[in-house]
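Next up, entry-v9.cif (mmCIF, C-alpha atoms):
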```cif
data_my_file
loop_
_atom_site.label_atom_id
_atom_site.label_comp_id
_atom_site.auth_asym_id
_atom_site.auth_seq_id
_atom_site.Cartn_x
_atom_site.Cartn_y
_atom_site.Cartn_z
CA MET A 1 -19.36 -24.19 40.66
CA PRO A 2 -19.77 -24.91 36.94
CA SER A 3 -17.17 -27.17 35.39
CA PRO A 4 -14.63 -25.48 33.13
CA PRO A 5 -15.32 -25.70 29.39
CA THR A 6 -13.76 -28.64 27.55
CA THR A 7 -12.00 -28.08 24.27
CA THR A 8 -11.08 -30.73 21.75
CA SER A 9 -8.68 -31.17 18.88
CA LEU A 10 -7.76 -33.99 16.54
CA SER A 11 -4.39 -34.68 14.95
CA VAL A 12 -4.70 -36.41 11.59
CA THR A 13 -1.68 -37.95 9.86
CA GLN A 14 -2.25 -39.29 6.38
CA THR A 15 -0.68 -39.57 2.95
CA ILE A 16 -1.25 -37.54 -0.17
CA ASN A 17 -0.90 -40.09 -2.97
CA GLY A 18 0.01 -39.82 -6.62
CA SER A 19 1.17 -42.21 -9.34
CA HIS A 20 3.28 -42.06 -12.50
CA SER A 21 3.75 -44.57 -15.36
CA PHE A 22 7.19 -44.74 -16.97
CA THR A 23 7.72 -46.61 -20.25
CA ILE A 24 11.24 -47.52 -21.32
CA LYS A 25 11.32 -48.21 -25.07
CA GLY A 26 14.50 -49.57 -26.63
CA TYR A 27 15.74 -51.45 -23.58
CA SER A 28 18.41 -53.33 -25.55
CA LEU A 29 19.93 -50.06 -26.73
CA ALA A 30 20.01 -48.70 -23.19
CA LYS A 31 22.15 -51.60 -22.00
CA GLY A 32 25.81 -50.79 -21.71
CA ILE A 33 25.47 -47.10 -20.74
CA GLY A 34 27.52 -47.92 -17.67
CA ILE A 35 27.11 -48.96 -14.06
CA GLY A 36 25.62 -46.16 -11.95
CA LYS A 37 24.16 -44.35 -14.94
CA HIS A 38 20.41 -44.03 -15.22
CA ILE A 39 17.52 -43.21 -17.50
CA ALA A 40 15.17 -40.73 -15.83
CA SER A 41 11.45 -40.31 -16.23
CA ASP A 42 9.81 -36.94 -16.55
CA THR A 43 9.22 -35.29 -13.16
CA PHE A 44 5.78 -35.56 -11.56
CA THR A 45 4.25 -33.80 -8.57
CA VAL A 46 2.89 -35.44 -5.44
CA GLY A 47 2.23 -33.68 -2.13
CA GLY A 48 3.82 -30.46 -3.31
CA TYR A 49 7.15 -32.09 -4.26
CA GLN A 50 8.68 -33.12 -7.57
CA TRP A 51 9.63 -36.77 -8.08
CA ALA A 52 11.31 -38.86 -10.79
CA ILE A 53 11.92 -42.56 -11.53
CA TYR A 54 15.53 -43.59 -12.19
CA PHE A 55 16.14 -46.84 -14.14
CA TYR A 56 19.69 -48.24 -14.17
CA PRO A 57 20.03 -50.76 -17.10
CA ASP A 58 23.51 -51.83 -15.92
CA GLY A 59 22.70 -51.58 -12.23
CA LYS A 60 23.70 -49.04 -9.60
CA ASN A 61 26.04 -51.18 -7.55
CA PRO A 62 29.50 -51.82 -9.11
CA GLU A 63 29.89 -54.99 -7.04
CA ASP A 64 27.03 -56.66 -8.94
CA ASN A 65 28.88 -56.30 -12.25
CA SER A 66 25.71 -55.45 -14.20
CA ALA A 67 23.95 -58.63 -13.10
CA TYR A 68 20.89 -56.68 -11.91
CA VAL A 69 18.85 -53.72 -13.10
CA SER A 70 18.19 -51.08 -10.45
CA VAL A 71 15.11 -48.88 -9.99
CA PHE A 72 14.81 -45.88 -7.65
CA ILE A 73 12.38 -43.06 -6.88
CA ALA A 74 14.18 -39.72 -6.39
CA LEU A 75 13.15 -36.44 -4.78
CA ALA A 76 13.62 -34.00 -7.66
CA SER A 77 12.80 -30.72 -5.94
CA ASP A 78 13.96 -28.84 -2.87
CA GLY A 79 12.82 -30.42 0.36
CA THR A 80 14.07 -31.37 3.81
CA ASP A 81 13.13 -34.53 5.71
CA VAL A 82 10.28 -35.43 3.35
CA ARG A 83 8.51 -38.49 4.74
CA ALA A 84 6.82 -40.76 2.22
CA LEU A 85 5.64 -44.26 1.31
CA PHE A 86 6.59 -45.78 -2.05
CA GLU A 87 5.50 -48.49 -4.42
CA LEU A 88 7.35 -49.72 -7.51
CA SER A 89 5.68 -52.10 -9.95
CA LEU A 90 7.19 -53.77 -13.01
CA LEU A 91 4.21 -54.59 -15.22
CA ASP A 92 3.56 -58.04 -16.62
CA GLN A 93 2.83 -57.39 -20.30
CA SER A 94 1.46 -60.86 -21.01
CA GLY A 95 -1.94 -60.01 -19.59
CA LYS A 96 -1.63 -62.51 -16.75
CA GLY A 97 -1.40 -59.73 -14.16
CA LYS A 98 1.65 -61.17 -12.45
CA HIS A 99 3.32 -57.83 -11.80
CA LYS A 100 6.46 -57.51 -9.75
CA VAL A 101 5.53 -55.17 -6.88
CA HIS A 102 7.58 -53.65 -4.07
CA SER A 103 5.26 -51.64 -1.80
CA HIS A 104 5.13 -49.87 1.54
CA PHE A 105 1.38 -49.45 1.36
CA ASP A 106 0.22 -52.99 2.05
CA ARG A 107 2.29 -53.71 5.15
CA ALA A 108 3.19 -52.20 8.51
CA LEU A 109 6.58 -50.52 8.63
CA GLU A 110 8.47 -51.02 11.87
CA SER A 111 10.44 -47.79 11.52
CA GLY A 112 7.67 -45.79 9.87
CA PRO A 113 7.71 -44.04 6.47
CA TYR A 114 10.97 -43.52 4.63
CA THR A 115 12.59 -40.08 5.08
CA LEU A 116 14.32 -38.32 2.20
CA LYS A 117 16.73 -35.81 3.65
CA TYR A 118 17.27 -33.47 0.72
CA ARG A 119 16.92 -33.00 -3.03
CA GLY A 120 18.39 -35.99 -4.85
CA SER A 121 17.67 -38.45 -2.05
CA MET A 122 16.34 -41.77 -3.38
CA TRP A 123 14.51 -44.89 -2.32
CA GLY A 124 14.54 -48.09 -4.34
CA TYR A 125 16.36 -51.34 -5.08
CA LYS A 126 19.88 -51.90 -6.35
CA ARG A 127 18.90 -55.49 -7.15
CA PHE A 128 15.43 -54.84 -8.47
CA PHE A 129 15.55 -57.73 -10.99
CA ARG A 130 18.25 -60.08 -12.25
CA ARG A 131 18.94 -58.90 -15.77
CA ALA A 132 19.25 -62.31 -17.44
CA MET A 133 15.84 -63.34 -16.06
CA LEU A 134 14.29 -60.00 -17.01
CA GLU A 135 15.30 -60.37 -20.65
CA THR A 136 13.48 -63.71 -20.96
CA SER A 137 10.39 -62.72 -18.93
CA ASP A 138 6.93 -61.40 -19.75
CA PHE A 139 7.95 -58.05 -18.28
CA LEU A 140 9.93 -57.25 -21.44
CA LYS A 141 7.85 -57.06 -24.62
CA ASP A 142 8.87 -55.56 -27.95
CA ASP A 143 12.06 -54.31 -26.29
CA CYS A 144 9.88 -52.26 -23.92
CA LEU A 145 9.55 -52.10 -20.09
CA LYS A 146 6.72 -50.44 -18.14
CA ILE A 147 7.17 -49.25 -14.56
CA ASN A 148 4.47 -47.83 -12.35
CA CYS A 149 5.36 -45.74 -9.32
CA THR A 150 3.13 -44.56 -6.45
CA VAL A 151 4.28 -41.99 -3.91
CA GLY A 152 2.43 -41.19 -0.69
CA VAL A 153 3.71 -38.02 1.01
CA VAL A 154 3.02 -38.03 4.75
CA VAL A 155 1.27 -34.93 6.10
CA SER A 156 -0.09 -34.09 9.54
CA GLU A 157 -2.70 -31.53 10.47
CA ILE A 158 -4.74 -30.46 13.47
CA ASP A 159 -8.48 -30.65 13.00
CA CYS A 160 -10.09 -28.24 15.44
CA PRO A 161 -12.60 -25.38 15.19
CA ARG A 162 -10.06 -22.58 15.61
CA LEU A 163 -8.29 -23.52 12.37
CA HIS A 164 -11.46 -23.15 10.36
CA SER A 165 -12.10 -19.47 9.78
CA ILE A 166 -14.39 -17.31 7.71
CA HIS A 167 -12.94 -14.12 6.30
CA VAL A 168 -14.59 -10.98 7.62
CA PRO A 169 -14.05 -7.93 5.41
CA ALA A 170 -12.72 -4.69 6.84
CA SER A 171 -15.23 -2.29 8.29
CA ASP A 172 -17.01 -0.18 5.71
CA ILE A 173 -18.85 2.04 8.16
CA GLY A 174 -16.70 4.97 7.04
CA SER A 175 -17.87 4.66 3.46
CA HIS A 176 -21.52 4.55 4.57
CA PHE A 177 -21.14 7.64 6.74
CA GLY A 178 -19.20 9.25 3.92
CA MET A 179 -22.17 8.78 1.60
CA LEU A 180 -24.36 10.37 4.28
CA LEU A 181 -22.11 13.42 4.18
CA GLU A 182 -21.94 13.57 0.40
CA ASN A 183 -25.65 13.09 -0.21
CA GLU A 184 -26.65 15.36 2.71
CA ASP A 185 -29.56 13.04 3.50
CA GLY A 186 -31.15 14.00 6.81
CA SER A 187 -28.74 16.88 7.41
CA ASP A 188 -29.90 19.36 10.04
CA ILE A 189 -27.12 21.91 10.29
CA THR A 190 -25.32 24.23 7.87
CA PHE A 191 -21.84 25.67 8.28
CA ASN A 192 -20.94 28.87 6.44
CA VAL A 193 -17.17 28.93 5.94
CA SER A 194 -16.08 32.04 4.02
CA GLY A 195 -19.23 31.86 1.94
CA GLU A 196 -18.99 28.12 1.23
CA MET A 197 -21.82 26.05 2.70
CA PHE A 198 -21.38 22.63 4.30
CA ARG A 199 -24.38 20.52 5.33
CA ALA A 200 -23.90 18.06 8.20
CA HIS A 201 -25.65 16.08 10.93
CA ARG A 202 -25.60 17.24 14.52
CA LEU A 203 -25.73 13.74 16.00
CA VAL A 204 -22.72 12.58 13.96
CA LEU A 205 -20.69 15.65 14.89
CA ALA A 206 -21.65 15.33 18.57
CA ALA A 207 -20.74 11.65 18.63
CA ARG A 208 -17.26 12.39 17.30
CA SER A 209 -16.30 15.63 19.04
CA PRO A 210 -16.92 16.65 22.66
CA VAL A 211 -16.85 20.28 21.53
CA PHE A 212 -19.67 19.70 19.07
CA GLU A 213 -21.48 17.61 21.67
CA SER A 214 -21.57 20.42 24.20
CA GLU A 215 -22.56 22.90 21.52
CA PHE A 216 -25.38 20.93 19.86
CA LEU A 217 -26.86 18.51 22.38
CA ASP A 218 -27.41 21.18 25.03
CA VAL A 219 -29.60 23.12 22.61
CA THR A 220 -33.16 21.91 22.08
CA GLY A 221 -36.12 23.00 20.02
CA GLU A 222 -34.22 23.98 16.88
CA GLU A 223 -35.12 22.24 13.63
CA ASP A 224 -32.17 23.58 11.68
CA ARG A 225 -29.22 25.80 12.37
CA ASP A 226 -26.79 27.95 10.45
CA ILE A 227 -23.34 28.42 11.96
CA GLU A 228 -20.69 30.74 10.62
CA VAL A 229 -17.08 29.56 10.95
CA THR A 230 -14.66 32.49 10.81
CA ASP A 231 -11.37 30.94 11.89
CA MET A 232 -10.96 28.21 9.29
CA GLU A 233 -10.56 27.94 5.54
CA PRO A 234 -13.18 26.00 3.56
CA LYS A 235 -10.66 23.32 2.47
CA VAL A 236 -9.66 22.74 6.09
CA PHE A 237 -13.27 22.47 7.27
CA LYS A 238 -13.98 20.07 4.41
CA ALA A 239 -11.03 17.93 5.52
CA LEU A 240 -12.33 18.09 9.10
CA LEU A 241 -15.77 16.79 8.08
CA HIS A 242 -14.13 14.13 5.91
CA TYR A 243 -12.33 12.78 8.99
CA ILE A 244 -15.37 13.02 11.25
CA TYR A 245 -17.51 10.98 8.88
CA LYS A 246 -14.91 8.61 7.36
CA ASP A 247 -12.27 8.35 10.11
CA ALA A 248 -9.57 9.00 7.53
CA LEU A 249 -7.44 11.84 6.26
CA ILE A 250 -8.52 13.52 3.07
CA GLU A 251 -6.09 12.72 0.27
CA ASP A 252 -4.60 16.23 0.09
CA ALA A 253 -3.66 16.09 3.79
CA GLU A 254 -1.90 12.71 3.52
CA SER A 255 0.90 14.13 1.38
CA SER A 256 3.66 15.94 3.21
CA SER A 257 4.71 19.46 2.33
CA SER A 258 6.61 20.08 -0.84
CA SER A 259 10.23 19.31 -0.04
CA GLY A 260 10.74 18.97 3.66
CA SER A 261 12.69 22.23 3.60
CA SER A 262 9.97 24.50 4.96
CA VAL A 263 11.16 27.64 6.69
CA GLY A 264 9.31 30.43 8.42
CA PRO A 265 5.54 30.25 8.10
CA SER A 266 5.46 27.94 5.04
CA ALA A 267 5.22 24.77 7.14
CA SER A 268 2.13 26.16 8.83
CA ASP A 269 0.54 26.71 5.42
CA THR A 270 0.23 22.99 4.69
CA LEU A 271 -3.18 21.39 4.98
CA ALA A 272 -1.88 18.92 7.56
CA ALA A 273 -0.70 21.78 9.77
CA LYS A 274 -4.00 23.64 9.54
CA LEU A 275 -5.94 20.44 10.14
CA LEU A 276 -3.81 19.88 13.23
CA GLY A 277 -5.17 23.18 14.53
CA ALA A 278 -8.73 22.04 13.80
CA ALA A 279 -8.11 18.76 15.61
CA ASP A 280 -6.94 20.68 18.65
CA LYS A 281 -9.92 23.03 18.55
CA TYR A 282 -12.50 20.26 18.34
CA LYS A 283 -10.65 17.80 20.63
CA LEU A 284 -10.03 15.05 18.08
CA PRO A 285 -6.89 13.23 19.35
CA ARG A 286 -6.81 10.60 16.59
CA LEU A 287 -6.95 13.24 13.88
CA SER A 288 -4.21 15.11 15.70
CA LEU A 289 -1.95 12.05 15.64
CA MET A 290 -2.67 11.53 11.93
CA CYS A 291 -1.57 15.09 11.18
CA GLU A 292 1.45 14.75 13.46
CA SER A 293 2.49 11.65 11.54
CA VAL A 294 2.33 13.55 8.24
CA LEU A 295 4.25 16.55 9.58
CA CYS A 296 6.85 14.31 11.18
CA LYS A 297 7.95 13.20 7.71
CA ASP A 298 8.85 16.81 6.89
CA ILE A 299 11.22 17.39 9.80
CA SER A 300 14.59 18.70 8.66
CA VAL A 301 17.21 21.14 9.93
CA ASP A 302 15.41 24.03 8.24
CA SER A 303 11.85 23.03 9.11
CA VAL A 304 12.15 21.62 12.63
CA ALA A 305 11.88 24.96 14.44
CA ASN A 306 8.67 25.92 12.66
CA ILE A 307 7.13 22.45 13.11
CA LEU A 308 8.13 22.54 16.78
CA ALA A 309 6.25 25.83 17.14
CA LEU A 310 3.17 24.27 15.50
CA ALA A 311 3.34 21.24 17.78
CA ASP A 312 3.57 23.45 20.86
CA ARG A 313 0.73 25.69 19.73
CA TYR A 314 -1.67 22.82 19.05
CA ASN A 315 -0.72 20.55 21.96
CA ALA A 316 0.75 17.89 19.66
CA SER A 317 2.93 16.24 22.28
CA ALA A 318 4.20 13.35 20.15
CA LEU A 319 5.31 15.67 17.34
CA LYS A 320 6.83 18.11 19.81
CA SER A 321 8.90 15.37 21.42
CA VAL A 322 10.25 14.25 18.04
CA CYS A 323 11.11 17.83 17.07
CA LEU A 324 12.94 18.54 20.34
CA LYS A 325 14.98 15.37 20.05
CA PHE A 326 15.86 16.00 16.41
CA ALA A 327 16.80 19.63 17.09
CA ALA A 328 18.92 18.67 20.11
CA GLU A 329 20.79 16.04 18.11
CA ASN A 330 21.47 18.56 15.33
CA LEU A 331 21.66 21.72 17.40
CA ASN A 332 24.69 23.28 15.73
CA ALA A 333 23.01 23.13 12.31
CA VAL A 334 19.60 24.15 13.67
CA ILE A 335 20.83 27.36 15.33
CA ARG A 336 22.37 28.41 12.00
CA SER A 337 19.06 27.97 10.16
CA ASP A 338 16.51 30.63 9.30
CA GLY A 339 13.94 28.41 10.97
CA TYR A 340 15.71 28.95 14.28
CA ASP A 341 15.34 32.71 13.82
CA TYR A 342 11.63 32.08 13.33
CA LEU A 343 11.57 30.14 16.61
CA LYS A 344 13.35 32.97 18.45
CA GLU A 345 10.92 35.53 17.12
CA HIS A 346 7.66 33.67 17.64
CA CYS A 347 8.26 31.11 20.41
CA PRO A 348 11.16 32.21 22.65
CA SER A 349 9.94 29.99 25.50
CA LEU A 350 10.66 26.91 23.38
CA GLN A 351 14.36 27.80 23.36
CA SER A 352 14.59 26.83 27.02
CA GLU A 353 12.92 23.48 26.37
CA LEU A 354 15.26 22.84 23.45
CA LEU A 355 18.31 23.60 25.55
CA LYS A 356 17.12 21.32 28.33
CA THR A 357 16.61 18.54 25.80
CA PHE A 358 20.09 19.16 24.45
CA ALA A 359 21.50 19.02 27.98
CA GLY A 360 19.72 15.71 28.52
CA CYS A 361 21.23 14.29 25.34
CA GLU A 362 24.66 15.48 26.46
CA GLU A 363 24.27 13.77 29.82
CA GLU A 364 23.26 10.51 28.13
CA LEU A 365 26.32 10.64 25.92
CA SER A 366 28.77 11.68 28.64
CA GLY A 367 28.88 8.18 30.07
CA GLY A 368 29.95 6.73 26.73
CA GLY A 369 32.93 8.96 26.01
CA LYS A 370 31.13 10.98 23.33
CA THR A 371 30.75 14.28 25.19
CA ARG A 372 33.56 15.90 23.31
CA SER A 373 31.95 15.13 19.93
CA VAL A 374 28.61 16.60 21.02
CA TRP A 375 30.17 19.80 22.31
CA GLY A 376 32.40 19.81 19.25
CA GLN A 377 29.42 20.56 17.01
CA PHE A 378 29.77 24.18 18.10
CA SER A 379 33.32 24.52 16.78
CA ASP A 380 32.69 23.39 13.20
CA GLY A 381 32.08 26.83 11.76
CA GLY A 382 35.26 28.76 12.59
CA ALA A 383 35.05 32.49 13.31
CA ASP A 384 31.58 32.84 11.87
CA THR A 385 30.27 30.18 14.25
CA ASN A 386 31.92 31.85 17.21
CA GLU A 387 30.30 35.13 16.25
CA ARG A 388 26.84 33.56 15.99
CA ASN A 389 27.30 31.63 19.22
CA GLY A 390 28.33 34.87 20.90
CA ARG A 391 25.06 36.44 19.82
CA GLN A 392 23.11 33.39 20.90
CA ARG A 393 24.67 33.36 24.35
CA GLN A 394 22.84 36.49 25.47
CA THR A 395 19.59 35.46 23.79
CA TRP A 396 19.52 32.16 25.65
CA GLY A 397 20.45 33.80 28.90
CA ASP A 398 17.54 36.20 28.57
CA VAL A 399 14.91 33.46 28.09
CA ASN A 400 12.32 33.58 30.85
CA GLY A 401 12.25 30.41 32.90
CA GLY A 402 15.60 29.24 31.55
CA ALA A 403 16.73 28.46 35.10
CA GLU A 404 20.26 28.29 36.40
CA ARG A 405 20.80 24.87 34.84
CA SER A 406 19.99 26.13 31.33
CA GLN A 407 22.21 29.20 31.70
CA SER A 408 25.11 27.23 33.10
CA VAL A 409 24.86 24.64 30.34
CA TRP A 410 24.84 27.36 27.69
CA VAL A 411 27.91 28.99 29.24
CA GLN A 412 29.55 25.57 29.20
CA VAL A 413 28.71 25.24 25.50
CA VAL A 414 30.31 28.57 24.66
CA ASN A 415 33.35 27.90 26.81
CA SER A 416 33.67 24.50 25.26
CA ASN A 417 33.45 26.11 21.84
CA ASN A 418 36.28 28.47 22.66
CA ALA A 419 38.31 25.66 24.14
CA SER A 420 37.70 23.57 21.07
CA GLY A 421 38.97 26.38 18.91
CA ARG A 422 42.19 26.55 20.93
CA ASN A 423 42.62 22.81 20.89
CA ASN A 424 42.03 22.62 17.16
CA ASN A 425 44.91 25.01 16.57
CA ASN A 426 47.28 22.78 18.54
CA ASP A 427 45.99 19.34 17.70
CA ASN A 428 43.86 19.34 14.60
CA ASN A 429 43.92 15.57 14.01
CA ASN A 430 43.75 13.85 17.38
CA SER A 431 43.73 10.17 16.45
CA ASP A 432 43.21 9.16 20.08
CA ASP A 433 39.66 10.59 20.04
CA PRO A 434 37.35 7.63 19.35
CA MET A 435 34.95 9.90 17.50
CA ALA A 436 37.58 11.74 15.43
CA GLU A 437 36.98 11.81 11.66
CA ASP A 438 39.30 12.62 8.79
#
```
In structure tokens, write the structure found in this file.
Amino acid sequence: MPSPPTTTSLSVTQTINGSHSFTIKGYSLAKGIGIGKHIASDTFTVGGYQWAIYFYPDGKNPEDNSAYVSVFIALASDGTDVRALFELSLLDQSGKGKHKVHSHFDRALESGPYTLKYRGSMWGYKRFFRRAMLETSDFLKDDCLKINCTVGVVVSEIDCPRLHSIHVPASDIGSHFGMLLENEDGSDITFNVSGEMFRAHRLVLAARSPVFESEFLDVTGEEDRDIEVTDMEPKVFKALLHYIYKDALIEDAESSSSSGSSVGPSASDTLAAKLLGAADKYKLPRLSLMCESVLCKDISVDSVANILALADRYNASALKSVCLKFAAENLNAVIRSDGYDYLKEHCPSLQSELLKTFAGCEEELSGGGKTRSVWGQFSDGGADTNERNGRQRQTWGDVNGGAERSQSVWVQVVNSNNASGRNNNNDNNNSDDPMAED
């Protein structure tokens, strides 16, 4: 048995270093500003953080009574638990090179690097140098001090192959096939759609659609073919070829219909709706889902019935499910719409499915104390609603395949509507109903 593969990784912890020189000119004038008050350098960046040097001419510690000068390095930008090494050097200006240096870099630290918890945190020395000695030393020249600061920000990283990547651009095969369609190079079939000619490639069409595959690959010995398409508009067939070659919707099909308020046949006039029919005809499930996604954005009280009919006609199960759920949740408004009349006229069998979906929603809500609000949707319209519901009662009862459950639920709806009307007369503002609204 071969041994399992061995993987490796390497953790590397190191410092990102940077230095800054700070000159303090006019030291004698800075004296006396007060204990705990500092002169700040300009900020400088190391390891992605901002830093500054703080010089305290009268010292930072009140207990020292200005006997020492203090020097600190401060975190001047936002940061949390920033680990770093520091070095502060007071330069000897006599040229002898006898600088005063406090450094983390040249020695081992028992507790590791210093951690600055937040912005404003500092590291340094309250008793950096006795002031009386400083003023008579070679560190002060022409009333000027020079301080060098080095910061080393600690960073850790994993060095392993998986963290080193090369960007691979997105597939451009669609654009190449698209050029094949546009240039018509090597085309071997012509489609005549209402007098408009479209050149294409049998192998491409067969590879994408099982319908085209069975139609073209079973036929041999033909150099070129002309096929007349009588059940599709040229713009729809153009959009179909665009998808087959580029695996994308044509731009006109990506936009939803005008206002989302389609009624009657207008929803079926959109390019997305017609392309949905083409997807069903040529067995292109991905194209179908693309069109369903576009049409889904147009679902409204007025349009849902017509879109539901389209979804049922073209076997768009995802879109149909969304339509049924939306219509069931807004049934009172939907049955008042002109779109519902369209559904009754053209797709009466869908009424039964809609009612069953509504009944399922009602059963889900009944366990949570919301049944009354769902049934109450049918009592919002007063006498006019009762009249329409009375008409609808017989229509629903006459639907073929409605089953006893559908008929009984509809009777319950109507009875509940009548009961709601009576209850509203006696108790119009029942504050005990958890779903009651003013």
Would you give me, as JSON lines, each residue of range 146-203 of chain A having an atom within 10 Å of an atom of range 68-81 of chain A, along with its shortest atom pair and that distance in Å to one decimal, using all atoms listed in the file and sorting by chain and residue number?
```
{"residue": "A:Ile147", "atom": "CA", "partner": "A:Val71", "partner_atom": "CA", "distance": 9.2}
{"residue": "A:Cys149", "atom": "CA", "partner": "A:Ile73", "partner_atom": "CA", "distance": 7.9}
{"residue": "A:Thr150", "atom": "CA", "partner": "A:Ile73", "partner_atom": "CA", "distance": 9.4}
{"residue": "A:Val151", "atom": "CA", "partner": "A:Ile73", "partner_atom": "CA", "distance": 8.7}
```
Legend entry - Given only C-alpha atoms as the counted atoms, nearest of A:Gly277, A:Pro2, A:Gly186, A:Gly47 to Gly152 in chain A: A:Gly47
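In terms of minimum interatomic distance to Glu292 in chain A, A:Ser321 ranks closest within A:Ser321, A:Ser175, A:Ser103, A:Ser165, counting only C-alpha atoms.
Once Leu140 in chain A and its same-chain neighbours fewer than 2 positions away are set aside, Thr23, Ile24, Lys25, Gly26, Tyr27, Ser28, Leu90, Leu91, Asp92, Gln93, Ser94, His99, Phe129, Arg131, Ala132, Met133, Leu134, Glu135, Thr136, Ser137, Asp138, Asp142, Asp143, Cys144, Leu145, Lys146 and Ile147 of chain A remain within 12 Å of it when counting all atoms listed in the file.
Note that CA of Arg208 in chain A and CA of Glu184 in chain A are 17.6 Å apart.
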Inset, instruction - Using all atoms listed in the file, determine which residues lie at most 12 Å from range 228-232 of chain A, disregarding the query and same-chain residues fewer than 5 positions distant; provide the list as a list in words. - result: Ile189, Thr190, Phe191, Asn192, Val193, Ser194, Gly195, Glu196, Met197, Phe198, Phe237, Lys238, Ala239, Leu240, Leu271, Lys274, Leu275, Leu276, Gly277, Ala278, Ala279 and Lys281 of chain A
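Between CA of Gly339 in chain A and CA of Cys296 in chain A the interatomic distance comes to 15.8 Å.
Distance-wise, CA of Pro210 in chain A and CA of Ser317 in chain A end up 19.9 Å apart.
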Once the PyMOL selection byres ((chain A and resi 187) around 10) is applied to the coordinates I shared, what remains selected? I want it as an mmCIF file with C-alpha atoms, in the frame of the given file.
```cif
data_model
loop_
_atom_site.group_PDB
_atom_site.id
_atom_site.type_symbol
_atom_site.label_atom_id
_atom_site.label_comp_id
_atom_site.auth_asym_id
_atom_site.auth_seq_id
_atom_site.Cartn_x
_atom_site.Cartn_y
_atom_site.Cartn_z
ATOM 1 C CA LEU A 180 -24.360 10.370 4.280
ATOM 2 C CA LEU A 181 -22.110 13.420 4.180
ATOM 3 C CA ASN A 183 -25.650 13.090 -0.210
ATOM 4 C CA GLU A 184 -26.650 15.360 2.710
ATOM 5 C CA ASP A 185 -29.560 13.040 3.500
ATOM 6 C CA GLY A 186 -31.150 14.000 6.810
ATOM 7 C CA ASP A 188 -29.900 19.360 10.040
ATOM 8 C CA ILE A 189 -27.120 21.910 10.290
ATOM 9 C CA THR A 190 -25.320 24.230 7.870
ATOM 10 C CA PHE A 198 -21.380 22.630 4.300
ATOM 11 C CA ARG A 199 -24.380 20.520 5.330
ATOM 12 C CA ALA A 200 -23.900 18.060 8.200
ATOM 13 C CA HIS A 201 -25.650 16.080 10.930
ATOM 14 C CA ARG A 202 -25.600 17.240 14.520
ATOM 15 C CA LEU A 203 -25.730 13.740 16.000
ATOM 16 C CA VAL A 204 -22.720 12.580 13.960
ATOM 17 C CA ASP A 224 -32.170 23.580 11.680
#
```
Inset, instruction - Return the single residue from A:Lys31, A:Lys96, A:Lys60, A:His20 that is closest to Asn148 in chain A, with distances computed using all atoms listed in the file. - result: A:His20
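Restricting the calculation to all atoms listed in the file, the smallest distance between Ser268 in chain A and any of A:Arg286, A:Lys235, A:Arg313, A:Lys297 is found for A:Arg313.
For the residues A:Thr270, A:Asn65, A:Thr15, A:Ser214, ranking by smallest atom-to-atom distance to His104 in chain A using all atoms listed in the file places A:Thr15 first.
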Inset, instruction - Give as a PyMOL selection string the residues that the PyMOL selection byres ((chain A and resi 12) around 7) matches when applied to the coordinates above. - result: chain A and resi 10-11+13-14+156-158
